[in-house]
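K.L.:
Got a structure for you, written out below as structure tokens; questions coming shortly.
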Amino acid sequence: MIRRVLFGEHSTQAPAITQFIDRSRFEPSFADLASAEFAGFDLVVPLSVAQIAQARPANFDGARRAVLPSPELVALCDDKLACNEWLIEHGFGENVPALLDDEPDCFPYIRKSRHGNFGAGCVMVRDAAEAAAIGAVPEDSFHQRAVPGADEYVLHLLRIDGHVRFQLCSRYDMGTPLAVRGGAQGAKTIVPADPGDALSLCSAILDVMEYEGTCCFNYKLEDG
């Protein structure tokens with residue numbers, strides 16, 4: 001049986017899905033989820049944070065077309081500072097680079113916007129001269145210790161009914177130890193990777209959150 005899947009529109013992910021999806025199992029469509037008709041589809045998959053709320057009406061008739069995190073968890077994960085603080089409070093602090101005050105004197109560190117993705121609002125600060133050059137701290141920003149290393153890992157997970165049902169990990173070689181991956185700086189290479197211990201750690205975080213749906217962890221390795 002071929003399942004009809006409705007994906008939210010996405011400029012980069014939609015072409016990849018179109019190219020690689022198994023058409024012997026799935027028939028893909030793409031639409032603006034804010035105005036989509038869901039009744040004719042078996043699955044509805046948001047491809048951005050904003051699309052999660054738009055996909056909630058897909059389950060209007062009791063059918064489980066979309067598996068989605070709660071609005072409270074979306075808000076938590078979409079706030080970088082709040083998410084870091086939550087991880088520390090719930091026993092995952094050793095995996096969180098130190099949060100710093102408004103005028104850090106230890107380098108390198110990264111200034112992060114609390115909201116936004118793909119590197120938006122993130123600035124790497126390597127020394128005092130760079131700190132002076134970037135000026136005052138925006139109200140919606142915070143500072144965190146930067147972890148050196150050219151390799152950044154991305155672990156995609158799907159958790160349904162308390163179990164991880166799918167995983168996909170990639171290693172991004174940024175070519176420099178203090179990069180900000182995003183719209184301004186892309187990876188030199190992207191290769192499949194084994195998440196190793198990160199899989200059990202990320203799964204444990206999702207267990208404590210009671211998170212359901214798709215998610216993505218971005219991380220670096222430091223001293224293993």
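So you can find residues: chains in the structure tokens are A, B, ... in the order shown, residues in each start at 1, and ligands are numbered from 1 in order.
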Using only C-alpha atoms, which residues sit within 12 Å of Cys122 of chain A once same-chain residues fewer than 5 positions away are excluded, as a JSON list (two decimals) with N, CA, C and O atoms, in the first residue's frame?
P.N.:
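out33.json written:
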[["chain", "number", "residue", "atom", "x", "y", "z"],
["A", 80, "LYS", "N", 16.89, 28.84, 22.83],
["A", 80, "LYS", "CA", 18.17, 28.20, 23.10],
["A", 80, "LYS", "C", 18.60, 28.33, 24.57],
["A", 80, "LYS", "O", 19.12, 27.38, 25.16],
["A", 109, "TYR", "N", 34.20, 32.28, 23.04],
["A", 109, "TYR", "CA", 32.80, 32.05, 23.41],
["A", 109, "TYR", "C", 31.93, 32.42, 22.22],
["A", 109, "TYR", "O", 32.40, 33.00, 21.24],
["A", 110, "ILE", "N", 30.67, 32.06, 22.31],
["A", 110, "ILE", "CA", 29.74, 32.36, 21.24],
["A", 110, "ILE", "C", 28.57, 33.16, 21.80],
["A", 110, "ILE", "O", 28.06, 32.87, 22.88],
["A", 111, "ARG", "N", 28.23, 34.22, 21.09],
["A", 111, "ARG", "CA", 27.02, 34.99, 21.41],
["A", 111, "ARG", "C", 25.89, 34.41, 20.57],
["A", 111, "ARG", "O", 26.01, 34.31, 19.35],
["A", 112, "LYS", "N", 24.81, 34.03, 21.24],
["A", 112, "LYS", "CA", 23.70, 33.38, 20.54],
["A", 112, "LYS", "C", 22.42, 34.17, 20.73],
["A", 112, "LYS", "O", 22.11, 34.61, 21.84],
["A", 113, "SER", "N", 21.67, 34.32, 19.67],
["A", 113, "SER", "CA", 20.29, 34.78, 19.78],
["A", 113, "SER", "C", 19.48, 33.65, 20.39],
["A", 113, "SER", "O", 19.66, 32.48, 20.04],
["A", 114, "ARG", "N", 18.56, 33.97, 21.31],
["A", 114, "ARG", "CA", 17.76, 32.92, 21.94],
["A", 114, "ARG", "C", 16.86, 32.21, 20.94],
["A", 114, "ARG", "O", 16.52, 31.04, 21.11],
["A", 115, "HIS", "N", 16.47, 32.91, 19.89],
["A", 115, "HIS", "CA", 15.58, 32.34, 18.88],
["A", 115, "HIS", "C", 16.20, 32.47, 17.50],
["A", 115, "HIS", "O", 17.01, 33.35, 17.25],
["A", 116, "GLY", "N", 15.80, 31.58, 16.61],
["A", 116, "GLY", "CA", 16.33, 31.61, 15.26],
["A", 116, "GLY", "C", 17.10, 30.34, 14.95],
["A", 116, "GLY", "O", 17.50, 29.60, 15.86],
["A", 117, "ASN", "N", 17.29, 30.07, 13.66],
["A", 117, "ASN", "CA", 18.00, 28.85, 13.27],
["A", 117, "ASN", "C", 18.98, 29.14, 12.15],
["A", 117, "ASN", "O", 19.10, 30.26, 11.67],
["A", 134, "ILE", "N", 32.27, 43.79, 18.30],
["A", 134, "ILE", "CA", 30.86, 43.47, 18.05],
["A", 134, "ILE", "C", 29.93, 44.31, 18.90],
["A", 134, "ILE", "O", 28.73, 44.35, 18.66],
["A", 137, "VAL", "N", 25.53, 43.90, 23.79],
["A", 137, "VAL", "CA", 24.83, 42.62, 23.70],
["A", 137, "VAL", "C", 23.35, 42.87, 23.40],
["A", 137, "VAL", "O", 22.67, 43.57, 24.16],
["A", 138, "PRO", "N", 22.82, 42.34, 22.30],
["A", 138, "PRO", "CA", 21.38, 42.48, 22.05],
["A", 138, "PRO", "C", 20.56, 41.87, 23.18],
["A", 138, "PRO", "O", 20.98, 40.91, 23.83],
["A", 140, "ASP", "N", 18.03, 39.99, 23.31],
["A", 140, "ASP", "CA", 17.57, 38.61, 23.16],
["A", 140, "ASP", "C", 18.73, 37.63, 22.97],
["A", 140, "ASP", "O", 18.56, 36.57, 22.38],
["A", 141, "SER", "N", 19.92, 37.98, 23.48],
["A", 141, "SER", "CA", 21.09, 37.14, 23.28],
["A", 141, "SER", "C", 21.68, 36.69, 24.61],
["A", 141, "SER", "O", 21.40, 37.26, 25.67],
["A", 142, "PHE", "N", 22.52, 35.66, 24.54],
["A", 142, "PHE", "CA", 23.26, 35.19, 25.71],
["A", 142, "PHE", "C", 24.60, 34.66, 25.24],
["A", 142, "PHE", "O", 24.85, 34.52, 24.04],
["A", 143, "HIS", "N", 25.50, 34.36, 26.20],
["A", 143, "HIS", "CA", 26.85, 33.90, 25.88],
["A", 143, "HIS", "C", 27.06, 32.48, 26.41],
["A", 143, "HIS", "O", 26.55, 32.13, 27.47],
["A", 144, "GLN", "N", 27.83, 31.73, 25.66],
["A", 144, "GLN", "CA", 28.12, 30.34, 26.03],
["A", 144, "GLN", "C", 29.53, 29.99, 25.58],
["A", 144, "GLN", "O", 30.00, 30.47, 24.55],
["A", 146, "ALA", "N", 32.49, 28.36, 23.81],
["A", 146, "ALA", "CA", 32.58, 27.73, 22.50],
["A", 146, "ALA", "C", 33.44, 26.48, 22.59],
["A", 146, "ALA", "O", 34.49, 26.48, 23.24],
["A", 178, "LEU", "N", 36.34, 26.89, 14.80],
["A", 178, "LEU", "CA", 35.36, 27.76, 15.47],
["A", 178, "LEU", "C", 34.41, 28.35, 14.43],
["A", 178, "LEU", "O", 34.31, 29.56, 14.28],
["A", 179, "ALA", "N", 33.72, 27.49, 13.75],
["A", 179, "ALA", "CA", 32.77, 27.93, 12.72],
["A", 179, "ALA", "C", 31.38, 28.11, 13.33],
["A", 179, "ALA", "O", 31.07, 27.57, 14.39],
["A", 180, "VAL", "N", 30.55, 28.86, 12.63],
["A", 180, "VAL", "CA", 29.12, 28.95, 12.94],
["A", 180, "VAL", "C", 28.39, 28.42, 11.71],
["A", 180, "VAL", "O", 28.24, 29.12, 10.71],
["A", 181, "ARG", "N", 27.98, 27.17, 11.78],
["A", 181, "ARG", "CA", 27.32, 26.55, 10.63],
["A", 181, "ARG", "C", 25.97, 27.20, 10.38],
["A", 181, "ARG", "O", 25.17, 27.38, 11.30],
["A", 182, "GLY", "N", 25.71, 27.56, 9.15],
["A", 182, "GLY", "CA", 24.44, 28.20, 8.84],
["A", 182, "GLY", "C", 24.46, 28.82, 7.46],
["A", 182, "GLY", "O", 25.21, 28.40, 6.57],
["A", 183, "GLY", "N", 23.64, 29.86, 7.30],
["A", 183, "GLY", "CA", 23.52, 30.49, 6.00],
["A", 183, "GLY", "C", 24.79, 31.16, 5.53],
["A", 183, "GLY", "O", 25.06, 31.25, 4.33],
["A", 184, "ALA", "N", 25.61, 31.64, 6.48],
["A", 184, "ALA", "CA", 26.82, 32.36, 6.10],
["A", 184, "ALA", "C", 28.03, 31.45, 5.95],
["A", 184, "ALA", "O", 29.03, 31.84, 5.35],
["A", 185, "GLN", "N", 27.97, 30.24, 6.50],
["A", 185, "GLN", "CA", 29.13, 29.35, 6.47],
["A", 185, "GLN", "C", 28.64, 27.91, 6.41],
["A", 185, "GLN", "O", 28.04, 27.39, 7.35]]
K.L.:
Please identify the helix (DSSP H, G or I) residues within segment 70-114 of chain A (assignment by DSSP from backbone atoms) and present them as number ranges by chain.
P.N.:
A: 71-77, 80-95
K.L.:
Please provide as a PyMOL selection string all residues within 7 Å of Pro69 of chain A, with the sequence filter that same-chain residues fewer than 3 positions apart are discarded (counting only C-alpha atoms).
P.N.:
chain A and resi 73-74+211-213
K.L.:
From the set A:Val49, A:Glu103, A:Gln167, A:Trp86, which residue has the shortest atom-to-atom contact distance to Ala136 of chain A, counting only C-alpha atoms?
P.N.:
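For Ala136 of chain A, the nearest of the candidates is A:Glu103.
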K.L.:
To one decimal place, how far is atom CA of Asp194 of chain A from atom CA of Leu168 of chain A in Å?
P.N.:
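Separation between atom CA of Asp194 of chain A and atom CA of Leu168 of chain A: 8.6 Å.
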K.L.:
Can you pull out every residue within 12 Å of Asp105 of chain A, counting only C-alpha atoms, but drop anything in the same chain fewer than 4 positions away, and send it as a count of residues only?
P.N.:
14
K.L.:
List the neighbours of Leu43 of chain A out to 10 Å using only C-alpha atoms; skip same-chain residues closer than 4 positions along the sequence, and give me the result as a list in words.
P.N.:
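Close residues of Leu43 of chain A: Arg3, Arg4, Val5, Leu6, Phe7, Phe26, Pro28, Phe38, Ala39, Ala58, Asn59, Ala63, Arg64, Arg65, Ala66 and Val67 of chain A.
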K.L.:
Measure the distance from atom CA of Val208 of chain A to atom CA of Arg165 of chain A in Å and round it to one decimal.
P.N.:
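Computed distance, atom CA of Val208 of chain A to atom CA of Arg165 of chain A, equals 17.0 Å.
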K.L.:
For the structure I just gave you, how does DSSP split segment 25-186 of chain A - specifically, which residues are strand (DSSP E or B)? Reply as a PyMOL selection string.
P.N.:
chain A and resi 26-31+43-45+99-100+109-113+123-125+141-145+151-160+163-173
K.L.:
For Cys216 of chain A, please output as a VMD selection string all residues within 7 Å (counting only C-alpha atoms; exclusion window: fewer than 4 positions along the same chain).
P.N.:
chain A and resid 154 to 157
K.L.:
Residues within 8 Å of Pro46 of chain A, please, as a ChimeraX atom specification. Count only C-alpha atoms; anything in the same chain fewer than 6 positions from it doesn't count.
P.N.:
/A:7-8,33,52,55
K.L.:
Record the distance separating atom CA of Pro192 of chain A and atom CA of Leu47 of chain A, expressed in Å with one decimal.
P.N.:
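If I compute the distance from atom CA of Pro192 of chain A to atom CA of Leu47 of chain A, I get 20.8 Å.
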